[in-house]
Amino acid sequence: MSGEADAKQSEKCRFWLLDVNHEPRDGKPEIWMWGVDDHGRRVLVIDRNFAPYFYLVLGAQETPETVLERVRRKQAELPSVEGFELTVRRFFGQPVYAIKVLCRNPDLVPELAEALSGVVGVERCLEGDVRYSMRYLVDNDVSPCGWLETEVAEEDGSGIQVDRVLVAKSAPKRIQMETTPKLRVLSFHAVYHASRGTPKPDRDPVLVVATVTDRGERKQFVAEGADDTFVLASFVRYVRQYNPDVVVGFETNRLHWQYLAARAKRLGVDFSVDRVGMLPHTSVYGHVSVTGRTSVDVLDLADELPEVKVKTVENLADYLGVKELGKQTVIDETEYASYWDNPSKRSELVKFAKERAECISGVFNAMFNYEAELSRLVGLPLDHVVKAAVGFRTEWYMIREAFRIGELIPERTERPYIPYVGGIVLSPKPGIHENVANLDFKSMYPSIMVEKNVSPDTYLQPTEPEPPQGVNIAPEVGHRFRKEPPGFYRRILTSLLAARGNVRQKMMNLSPRSEEYRLLDARQRAIKVITNAVYGYAGWIGARWFRKPVAEAAAAWGRETISTSIELAKQMGLDVIYGDTDSIFVKYDPQKVEALCRTIEERLGLEMKPDKINKLILFTEAKKRYCGLLPDGSLDMVGLEAVRGDWANVAKDTQEKVLELVLKQRSPDKAVRFVREHIGRIRKQKVSFRDLIIWKTLTKPAEQYEVNAPHVQAAKMLMKEGWELAVGDKVGYVVTHGAGKLYERVKPYVFASYGEVDTEYYVSNQVVPAALRILSLFGVDEKALLEAETPKQSRTLADFVT
DNA sequence: GCGCCAACAGTACCA
DNA sequence: ACTGGTACTGTTGGCGCG
């Protein structure tokens with residue numbers, strides 16, 4: 001073929017990578033990259049030129065050529081081997097010889113690895129567990145949610161729902177482009193007839209599927225009588241017609257894809273909602289994939305928002321300020337059937353589904369930038385990064401760095417769990433303090449790990465001699481780390497810290513309201529999360545690069561750091577009121593605090609600065625619980641019942657109000673009066689029923705509990721009525737009248753009426769303890785809150801402030 | 001058999 | 001399925017008592 005002819009056929013394609021998967025075609029593997037090109041066309045770029053591979057690592061004493069020869073001799077028995085390459089890599093920093101085994105078929109890699117690991121001289125087999133499509137992205141240094149460029153030729157693409165199917169003629173290259181193409185996003189919510197507990201696709205029809213697109217088109221597909229064939233068929237038709245890049249739902253991974261597909265199968269409806277005419281299928285991390293589209297479950301996004309305690313779509317939307325939710329009626333799943341079965345209420349159910357689809361869309365939009373940045377940073381496709389836990393995100397970032405520096409990726413192994421000592425927490429000085437600065441170390445653990453070169457590859461075993469470059473020795477635990485060369489973790493953390501610094505620098509010249517600022521903010525947040533996770537990752541027994549002394553040493557240096565800071569503060573005459581891990585609370589004397597921070601930076605090489613200045617701050621006897629009054633007049637409630645998800649709202653709200661009256665109005669007396677009045681309202685059932693619900697998470701299957709915990713009892717009652725509960729679900733219950741143990745008196749809130757609620761329980765076990773947590777500092781006791789008012793000396797806060 | 005209490009189980013928080 | 005440190009509620013079962 002002449003060069004000219006070739007040039008006519010091939011062209012450059014620039015595309016934003018949405019998703020990647022691999023397809024075996026005639027026994028040969030293909031990488032399929034789904035994207036949107038710079039003309040807004042949907043493209044599928046296929047690469048047929050990437051061989052899967054793994055490494056055979058040789059023992060240190062072996063002659064590499066000899067082992068290679070032994071391995072070669074086996075090739076005849078192993079037809080799927082494409083070839084061998086002798087290479088030098090590093091494993092935990094040590095140079096090793098490794099044979100790179102190139103294969104024809106990624107699915108046969110584990111089998112081949114097994115067959116070849118037995119060859120004499122082969123010490124271990126590595127990287128056979130890196131998925132082929134991820135291997136491709138890593139080796140080409142390209143990321144999803146970013147732009148790529150490659151030489152392509154167009155190919156016939158019948159049966160595939162994109163504008164162009166292209167074959168890559170060159171390896172893709174990452175290109176610098178900051179824009180995000182306009183993605184087609186379809187959000188949906190489905191409602192099923194829940195006739196007897198959790199709906200079953202074999203029994204219960206789909207009542208409504210409500211959709212909303214990024215263009216604002218809203219549709220509701222509603223069952224006619226008991227016939228839902230139409231609902232499914234028209235939903236599928238609509239998805240195919242709109243052809244979204246992203247499909248968003250709530251509980252899609254756990255529920256909807258499986259349910260809709262099963263229901264469609266039963267009704268004989270073709271449920272191929274993807275871009276290749278196949279059904280949704282289960283993929284890694286428990287994610288359900290829709291080939292060619294990105295399927296996002298808003299429930300997974302909720303994991304990023306720990307402030308939202310009960311993860312309903314509405315709570316998420318409300319927290320993100322997505323929508324005016326004031327007037328929206330939320331219909332509980334347990335009520336779907338009764339709404340549907342009552343013709344006059346059906347339209348309310350449809351309206352609810354429609355509004356929920358809109359909330360889902362809103363939550364996705366609010367979080368898209370962040371998730372896309374995370375995807376680009378760690379290199380996992382958007383739908384996978386959303387589902388992946390922090391440890392895996394961090395690890396994928398590391399895998400990319402490892403590839404760049406020729407470091408082999410360790411295998412995942414099972415190890416025993418042995419805990420180690422962590423950070424220091426001081427007992428606070430109880431009471432109310434005026435003008436207290438909260439001094440924080442900036443990225444303490446990452447900075448220590450960089451500074452001391454703490455890393456799995458710089459760690460010296462106790463038996464190893466000290467290298468000429470010298471070592472850093474961790475206090476208390478004595479672990480030694482080479483000062484040079486820079487360790488794997490140091491490289492990773494240095495580049496992350498620098499990258500975040502650059503982004504933050506750029507942000508300073510932008511208006512916080514600009515789109516670019518918001519994008520960069522999402523980027524710096526993503527970088528921060530990964531940076532801060534590296535220490536935790538190092539101590540995670542599931543980590544590929546786990547070395548217990550690494551985490552243990554970082555923690556020990558952390559303790560030394562905070563102890564030294566406390567000492568210095570005291571020496572400078574600063575009153576230390578509290579401290580936890582990487583922060584100290586001192587009486588705010590601006591000059592002294594500034595001097596302290598300067599000294600610490602000089603002496604320890606770590607940056608410490610005032611984070612918050614509290615006008616007032618309240619501590620009880622307990623660690624990890626306090627409330628500050630900030631200069632802007634807001635309360636910073638930490639650890640207290642008011643910020644916990646497992647106390648009834650009546651108690652949380654009471655405590656918050658008490659804190660306001662005490663700290664803002666400086667009146668414990670008013671707070672006592674408020675609590676007494678509020679108790680009166682509770683006894684008269686004047687508070688909302690919803691505010692009496694206690695939510696607790698089911699952390700294991702209900703049968704496996706050793707004690708009769710109230711929320712488990714409530715869970716069992718739900719299960720008895722046919723409701724399926726999974727580990728991780730929150731159970732909402734109320735306490736009712738009756739005799740015996742608490743667990744004998746609880747009911748799932750959906751089964752209880754206000755009349756049966758034991759308000760006295762809420763008074764004495766929720767509201768009073770939450771209020772006394774604060775008010776006992778002022779000599780208030782239970783009696784003062786519960787018994788008839790006795791005239792007493794009125795006190796002001798001044799009597800208590802120190 | 002009853003009340004008391006320490007140990008334990010369980011959950012959710014802070015850094 | 002990132003770490004350890006911590007507070008706190010409610011259950012359980014042993015103990016002394018009568």
# chains A, B, ... in the order shown; residues from 1 in each chain; ligands from 1
call {"tool": "closest_atom_pairs", "arguments": {"of": "chain C", "to": "chain A", "cutoff": "8 Å", "atoms": "only C-alpha atoms (C1' of nucleotides)", "output": "JSON lines"}}
result
{"residue": "C:DA1", "atom": "C1'", "partner": "A:Ala389", "partner_atom": "CA", "distance": 7.3}
{"residue": "C:DC2", "atom": "C1'", "partner": "A:Gly536", "partner_atom": "CA", "distance": 4.0}
{"residue": "C:DT3", "atom": "C1'", "partner": "A:Gly536", "partner_atom": "CA", "distance": 4.5}
{"residue": "C:DG4", "atom": "C1'", "partner": "A:Gly422", "partner_atom": "CA", "distance": 4.7}
{"residue": "C:DG5", "atom": "C1'", "partner": "A:Gly423", "partner_atom": "CA", "distance": 7.2}
{"residue": "C:DT6", "atom": "C1'", "partner": "A:Lys623", "partner_atom": "CA", "distance": 6.8}
{"residue": "C:DA7", "atom": "C1'", "partner": "A:Ala622", "partner_atom": "CA", "distance": 7.1}
{"residue": "C:DG10", "atom": "C1'", "partner": "A:Ala709", "partner_atom": "CA", "distance": 7.3}
{"residue": "C:DT11", "atom": "C1'", "partner": "A:Val707", "partner_atom": "CA", "distance": 6.1}
{"residue": "C:DT12", "atom": "C1'", "partner": "A:Val707", "partner_atom": "CA", "distance": 7.9}
call {"tool": "closest_atom_pairs", "arguments": {"of": "chain B", "to": "chain A", "cutoff": "8 Å", "atoms": "only C-alpha atoms (C1' of nucleotides)", "output": "JSON lines"}}
result
{"residue": "B:DA9", "atom": "C1'", "partner": "A:Val707", "partner_atom": "CA", "distance": 6.9}
{"residue": "B:DG10", "atom": "C1'", "partner": "A:Ala709", "partner_atom": "CA", "distance": 7.8}
{"residue": "B:DT11", "atom": "C1'", "partner": "A:Lys696", "partner_atom": "CA", "distance": 7.4}
{"residue": "B:DA12", "atom": "C1'", "partner": "A:Arg644", "partner_atom": "CA", "distance": 6.9}
{"residue": "B:DC13", "atom": "C1'", "partner": "A:Gly639", "partner_atom": "CA", "distance": 5.7}
{"residue": "B:DC14", "atom": "C1'", "partner": "A:Lys624", "partner_atom": "CA", "distance": 5.7}
{"residue": "B:DA15", "atom": "C1'", "partner": "A:Thr581", "partner_atom": "CA", "distance": 5.7}
call {"tool": "write_last_selection", "arguments": {"atoms": "N, CA and C atoms (P, O5', C5', C4', C3', O3' and C1' of nucleotides)", "output": "PDB file, in the first residue's frame"}}
result
ATOM      1  P    DA B   9     -18.232  -8.938  72.296  1.00  0.00           P
ATOM      2  O5'  DA B   9     -19.516  -8.138  71.793  1.00  0.00           O
ATOM      3  C5'  DA B   9     -20.807  -8.653  72.034  1.00  0.00           C
ATOM      4  C4'  DA B   9     -21.815  -7.764  71.345  1.00  0.00           C
ATOM      5  C3'  DA B   9     -21.491  -7.455  69.887  1.00  0.00           C
ATOM      6  O3'  DA B   9     -22.710  -7.587  69.191  1.00  0.00           O
ATOM      7  C1'  DA B   9     -21.710  -5.427  71.097  1.00  0.00           C
ATOM      8  P    DG B  10     -22.758  -7.487  67.624  1.00  0.00           P
ATOM      9  O5'  DG B  10     -23.036  -5.933  67.408  1.00  0.00           O
ATOM     10  C5'  DG B  10     -24.260  -5.381  67.861  1.00  0.00           C
ATOM     11  C4'  DG B  10     -24.214  -3.901  67.682  1.00  0.00           C
ATOM     12  C3'  DG B  10     -23.670  -3.412  66.333  1.00  0.00           C
ATOM     13  O3'  DG B  10     -24.759  -2.846  65.624  1.00  0.00           O
ATOM     14  C1'  DG B  10     -22.876  -2.098  68.151  1.00  0.00           C
ATOM     15  P    DT B  11     -24.558  -2.367  64.142  1.00  0.00           P
ATOM     16  O5'  DT B  11     -24.250  -0.814  64.314  1.00  0.00           O
ATOM     17  C5'  DT B  11     -25.246   0.020  64.901  1.00  0.00           C
ATOM     18  C4'  DT B  11     -24.693   1.399  65.069  1.00  0.00           C
ATOM     19  C3'  DT B  11     -24.071   1.996  63.802  1.00  0.00           C
ATOM     20  O3'  DT B  11     -24.917   3.043  63.377  1.00  0.00           O
ATOM     21  C1'  DT B  11     -22.764   2.430  65.754  1.00  0.00           C
ATOM     22  P    DA B  12     -24.565   3.814  62.023  1.00  0.00           P
ATOM     23  O5'  DA B  12     -23.734   5.055  62.573  1.00  0.00           O
ATOM     24  C5'  DA B  12     -24.277   5.836  63.642  1.00  0.00           C
ATOM     25  C4'  DA B  12     -23.241   6.830  64.064  1.00  0.00           C
ATOM     26  C3'  DA B  12     -22.550   7.538  62.886  1.00  0.00           C
ATOM     27  O3'  DA B  12     -22.544   8.934  63.132  1.00  0.00           O
ATOM     28  C1'  DA B  12     -20.941   6.641  64.350  1.00  0.00           C
ATOM     29  P    DC B  13     -22.272   9.942  61.918  1.00  0.00           P
ATOM     30  O5'  DC B  13     -20.984  10.749  62.401  1.00  0.00           O
ATOM     31  C5'  DC B  13     -21.036  11.561  63.537  1.00  0.00           C
ATOM     32  C4'  DC B  13     -19.770  11.392  64.340  1.00  0.00           C
ATOM     33  C3'  DC B  13     -18.536  12.102  63.795  1.00  0.00           C
ATOM     34  O3'  DC B  13     -18.524  13.434  64.261  1.00  0.00           O
ATOM     35  C1'  DC B  13     -18.030  10.004  64.856  1.00  0.00           C
ATOM     36  P    DC B  14     -17.624  14.507  63.495  1.00  0.00           P
ATOM     37  O5'  DC B  14     -16.158  14.220  64.034  1.00  0.00           O
ATOM     38  C5'  DC B  14     -15.832  14.506  65.402  1.00  0.00           C
ATOM     39  C4'  DC B  14     -14.336  14.400  65.584  1.00  0.00           C
ATOM     40  C3'  DC B  14     -13.535  15.176  64.541  1.00  0.00           C
ATOM     41  O3'  DC B  14     -12.545  15.955  65.194  1.00  0.00           O
ATOM     42  C1'  DC B  14     -12.882  12.874  64.556  1.00  0.00           C
ATOM     43  P    DA B  15     -11.911  17.205  64.380  1.00  0.00           P
ATOM     44  O5'  DA B  15     -10.589  16.574  63.775  1.00  0.00           O
ATOM     45  C5'  DA B  15      -9.466  16.347  64.631  1.00  0.00           C
ATOM     46  C4'  DA B  15      -8.533  15.408  63.944  1.00  0.00           C
ATOM     47  C3'  DA B  15      -8.098  15.854  62.569  1.00  0.00           C
ATOM     48  O3'  DA B  15      -6.867  16.578  62.646  1.00  0.00           O
ATOM     49  C1'  DA B  15      -8.511  13.494  62.692  1.00  0.00           C
TER      50       DA B  15
END
call {"tool": "atom_distance", "arguments": {"atom1": "CA of Asn140 (chain A)", "atom2": "CA of Arg14 (chain A)"}}
result
15.1 Å
call {"tool": "residues_around", "arguments": {"residues": "DC2 (chain B)", "least_positions_apart": "6", "cutoff": "12 Å", "atoms": "only C-alpha atoms (C1' of nucleotides)", "output": "MDAnalysis selection string"}}
result
chainID C and resid 15:18
call {"tool": "select_by_dssp", "arguments": {"residues": "region 82-184 of chain A", "states": "strand (DSSP E)", "output": "number ranges by chain"}}
result
A: 82-91, 94-103, 122-126, 147-155, 164-168, 173-175
call {"tool": "decode", "arguments": {"residues": "region 52-65 of chain A", "atoms": "all heavy atoms", "output": "PDB file, in the first residue's frame"}}
result
ATOM      1  N   PRO A  52      -2.190  -8.157  25.409  1.00  0.00           N
ATOM      2  CA  PRO A  52      -2.178  -8.298  26.868  1.00  0.00           C
ATOM      3  C   PRO A  52      -0.872  -8.986  27.288  1.00  0.00           C
ATOM      4  O   PRO A  52      -0.286  -9.718  26.497  1.00  0.00           O
ATOM      5  CB  PRO A  52      -3.379  -9.185  27.171  1.00  0.00           C
ATOM      6  CG  PRO A  52      -3.730  -9.850  25.901  1.00  0.00           C
ATOM      7  CD  PRO A  52      -3.219  -9.000  24.785  1.00  0.00           C
ATOM      8  N   TYR A  53      -0.442  -8.744  28.502  1.00  0.00           N
ATOM      9  CA  TYR A  53       0.802  -9.366  28.956  1.00  0.00           C
ATOM     10  C   TYR A  53       0.863  -9.453  30.465  1.00  0.00           C
ATOM     11  O   TYR A  53       0.031  -8.886  31.167  1.00  0.00           O
ATOM     12  CB  TYR A  53       2.011  -8.579  28.438  1.00  0.00           C
ATOM     13  CG  TYR A  53       2.128  -7.175  28.984  1.00  0.00           C
ATOM     14  CD1 TYR A  53       2.789  -6.922  30.186  1.00  0.00           C
ATOM     15  CD2 TYR A  53       1.579  -6.093  28.293  1.00  0.00           C
ATOM     16  CE1 TYR A  53       2.901  -5.641  30.686  1.00  0.00           C
ATOM     17  CE2 TYR A  53       1.681  -4.799  28.787  1.00  0.00           C
ATOM     18  CZ  TYR A  53       2.334  -4.574  29.985  1.00  0.00           C
ATOM     19  OH  TYR A  53       2.432  -3.311  30.485  1.00  0.00           O
ATOM     20  N   PHE A  54       1.846 -10.188  30.943  1.00  0.00           N
ATOM     21  CA  PHE A  54       2.160 -10.222  32.372  1.00  0.00           C
ATOM     22  C   PHE A  54       3.655 -10.468  32.501  1.00  0.00           C
ATOM     23  O   PHE A  54       4.348 -10.672  31.505  1.00  0.00           O
ATOM     24  CB  PHE A  54       1.339 -11.294  33.089  1.00  0.00           C
ATOM     25  CG  PHE A  54       1.581 -12.691  32.617  1.00  0.00           C
ATOM     26  CD1 PHE A  54       2.515 -13.520  33.249  1.00  0.00           C
ATOM     27  CD2 PHE A  54       0.885 -13.201  31.532  1.00  0.00           C
ATOM     28  CE1 PHE A  54       2.750 -14.803  32.805  1.00  0.00           C
ATOM     29  CE2 PHE A  54       1.116 -14.492  31.082  1.00  0.00           C
ATOM     30  CZ  PHE A  54       2.045 -15.292  31.716  1.00  0.00           C
ATOM     31  N   TYR A  55       4.146 -10.427  33.740  1.00  0.00           N
ATOM     32  CA  TYR A  55       5.588 -10.581  33.951  1.00  0.00           C
ATOM     33  C   TYR A  55       5.911 -11.823  34.767  1.00  0.00           C
ATOM     34  O   TYR A  55       5.188 -12.158  35.708  1.00  0.00           O
ATOM     35  CB  TYR A  55       6.143  -9.385  34.726  1.00  0.00           C
ATOM     36  CG  TYR A  55       6.199  -8.107  33.934  1.00  0.00           C
ATOM     37  CD1 TYR A  55       5.242  -7.113  34.139  1.00  0.00           C
ATOM     38  CD2 TYR A  55       7.212  -7.888  33.008  1.00  0.00           C
ATOM     39  CE1 TYR A  55       5.294  -5.924  33.428  1.00  0.00           C
ATOM     40  CE2 TYR A  55       7.268  -6.705  32.294  1.00  0.00           C
ATOM     41  CZ  TYR A  55       6.312  -5.723  32.499  1.00  0.00           C
ATOM     42  OH  TYR A  55       6.375  -4.556  31.802  1.00  0.00           O
ATOM     43  N   LEU A  56       7.015 -12.444  34.394  1.00  0.00           N
ATOM     44  CA  LEU A  56       7.605 -13.490  35.232  1.00  0.00           C
ATOM     45  C   LEU A  56       8.856 -12.883  35.854  1.00  0.00           C
ATOM     46  O   LEU A  56       9.777 -12.492  35.137  1.00  0.00           O
ATOM     47  CB  LEU A  56       7.993 -14.707  34.383  1.00  0.00           C
ATOM     48  CG  LEU A  56       6.851 -15.392  33.628  1.00  0.00           C
ATOM     49  CD1 LEU A  56       7.409 -16.430  32.654  1.00  0.00           C
ATOM     50  CD2 LEU A  56       5.869 -16.036  34.607  1.00  0.00           C
ATOM     51  N   VAL A  57       8.854 -12.766  37.163  1.00  0.00           N
ATOM     52  CA  VAL A  57      10.000 -12.160  37.842  1.00  0.00           C
ATOM     53  C   VAL A  57      10.992 -13.250  38.215  1.00  0.00           C
ATOM     54  O   VAL A  57      10.606 -14.282  38.769  1.00  0.00           O
ATOM     55  CB  VAL A  57       9.543 -11.392  39.106  1.00  0.00           C
ATOM     56  CG1 VAL A  57      10.735 -10.743  39.793  1.00  0.00           C
ATOM     57  CG2 VAL A  57       8.499 -10.353  38.734  1.00  0.00           C
ATOM     58  N   LEU A  58      12.252 -13.014  37.898  1.00  0.00           N
ATOM     59  CA  LEU A  58      13.270 -14.037  38.152  1.00  0.00           C
ATOM     60  C   LEU A  58      13.920 -13.848  39.514  1.00  0.00           C
ATOM     61  O   LEU A  58      14.039 -12.725  39.998  1.00  0.00           O
ATOM     62  CB  LEU A  58      14.349 -13.983  37.061  1.00  0.00           C
ATOM     63  CG  LEU A  58      13.845 -13.922  35.620  1.00  0.00           C
ATOM     64  CD1 LEU A  58      15.008 -14.147  34.657  1.00  0.00           C
ATOM     65  CD2 LEU A  58      12.753 -14.957  35.362  1.00  0.00           C
ATOM     66  N   GLY A  59      14.346 -14.964  40.098  1.00  0.00           N
ATOM     67  CA  GLY A  59      15.071 -14.897  41.359  1.00  0.00           C
ATOM     68  C   GLY A  59      16.390 -14.158  41.169  1.00  0.00           C
ATOM     69  O   GLY A  59      16.960 -14.152  40.075  1.00  0.00           O
ATOM     70  N   ALA A  60      16.865 -13.546  42.236  1.00  0.00           N
ATOM     71  CA  ALA A  60      18.051 -12.681  42.147  1.00  0.00           C
ATOM     72  C   ALA A  60      19.305 -13.453  41.694  1.00  0.00           C
ATOM     73  O   ALA A  60      20.186 -12.893  41.058  1.00  0.00           O
ATOM     74  CB  ALA A  60      18.303 -11.999  43.486  1.00  0.00           C
ATOM     75  N   GLN A  61      19.364 -14.756  42.020  1.00  0.00           N
ATOM     76  CA  GLN A  61      20.573 -15.536  41.721  1.00  0.00           C
ATOM     77  C   GLN A  61      20.568 -16.098  40.298  1.00  0.00           C
ATOM     78  O   GLN A  61      21.560 -16.681  39.858  1.00  0.00           O
ATOM     79  CB  GLN A  61      20.702 -16.716  42.704  1.00  0.00           C
ATOM     80  CG  GLN A  61      20.394 -16.396  44.149  1.00  0.00           C
ATOM     81  CD  GLN A  61      21.227 -15.245  44.685  1.00  0.00           C
ATOM     82  OE1 GLN A  61      22.401 -15.079  44.325  1.00  0.00           O
ATOM     83  NE2 GLN A  61      20.627 -14.420  45.531  1.00  0.00           N
ATOM     84  N   GLU A  62      19.455 -15.991  39.606  1.00  0.00           N
ATOM     85  CA  GLU A  62      19.311 -16.683  38.324  1.00  0.00           C
ATOM     86  C   GLU A  62      20.047 -15.969  37.196  1.00  0.00           C
ATOM     87  O   GLU A  62      20.196 -14.750  37.204  1.00  0.00           O
ATOM     88  CB  GLU A  62      17.826 -16.781  37.940  1.00  0.00           C
ATOM     89  CG  GLU A  62      16.943 -17.400  38.997  1.00  0.00           C
ATOM     90  CD  GLU A  62      17.256 -18.869  39.232  1.00  0.00           C
ATOM     91  OE1 GLU A  62      17.783 -19.520  38.303  1.00  0.00           O
ATOM     92  OE2 GLU A  62      16.999 -19.360  40.352  1.00  0.00           O
ATOM     93  N   THR A  63      20.446 -16.760  36.217  1.00  0.00           N
ATOM     94  CA  THR A  63      20.963 -16.186  34.973  1.00  0.00           C
ATOM     95  C   THR A  63      19.755 -15.972  34.065  1.00  0.00           C
ATOM     96  O   THR A  63      19.083 -16.936  33.691  1.00  0.00           O
ATOM     97  CB  THR A  63      21.944 -17.161  34.289  1.00  0.00           C
ATOM     98  OG1 THR A  63      22.849 -17.631  35.290  1.00  0.00           O
ATOM     99  CG2 THR A  63      22.695 -16.475  33.169  1.00  0.00           C
ATOM    100  N   PRO A  64      19.437 -14.730  33.727  1.00  0.00           N
ATOM    101  CA  PRO A  64      18.175 -14.445  33.024  1.00  0.00           C
ATOM    102  C   PRO A  64      18.044 -15.231  31.718  1.00  0.00           C
ATOM    103  O   PRO A  64      16.968 -15.749  31.437  1.00  0.00           O
ATOM    104  CB  PRO A  64      18.242 -12.949  32.750  1.00  0.00           C
ATOM    105  CG  PRO A  64      19.411 -12.412  33.462  1.00  0.00           C
ATOM    106  CD  PRO A  64      20.195 -13.518  34.054  1.00  0.00           C
ATOM    107  N   GLU A  65      19.152 -15.345  30.957  1.00  0.00           N
ATOM    108  CA  GLU A  65      19.047 -16.023  29.663  1.00  0.00           C
ATOM    109  C   GLU A  65      18.676 -17.493  29.823  1.00  0.00           C
ATOM    110  O   GLU A  65      17.946 -18.042  29.008  1.00  0.00           O
ATOM    111  CB  GLU A  65      20.364 -15.905  28.877  1.00  0.00           C
ATOM    112  CG  GLU A  65      20.654 -14.507  28.342  1.00  0.00           C
ATOM    113  CD  GLU A  65      21.088 -13.516  29.424  1.00  0.00           C
ATOM    114  OE1 GLU A  65      21.485 -13.969  30.528  1.00  0.00           O
ATOM    115  OE2 GLU A  65      21.010 -12.290  29.184  1.00  0.00           O
TER     116      GLU A  65
END
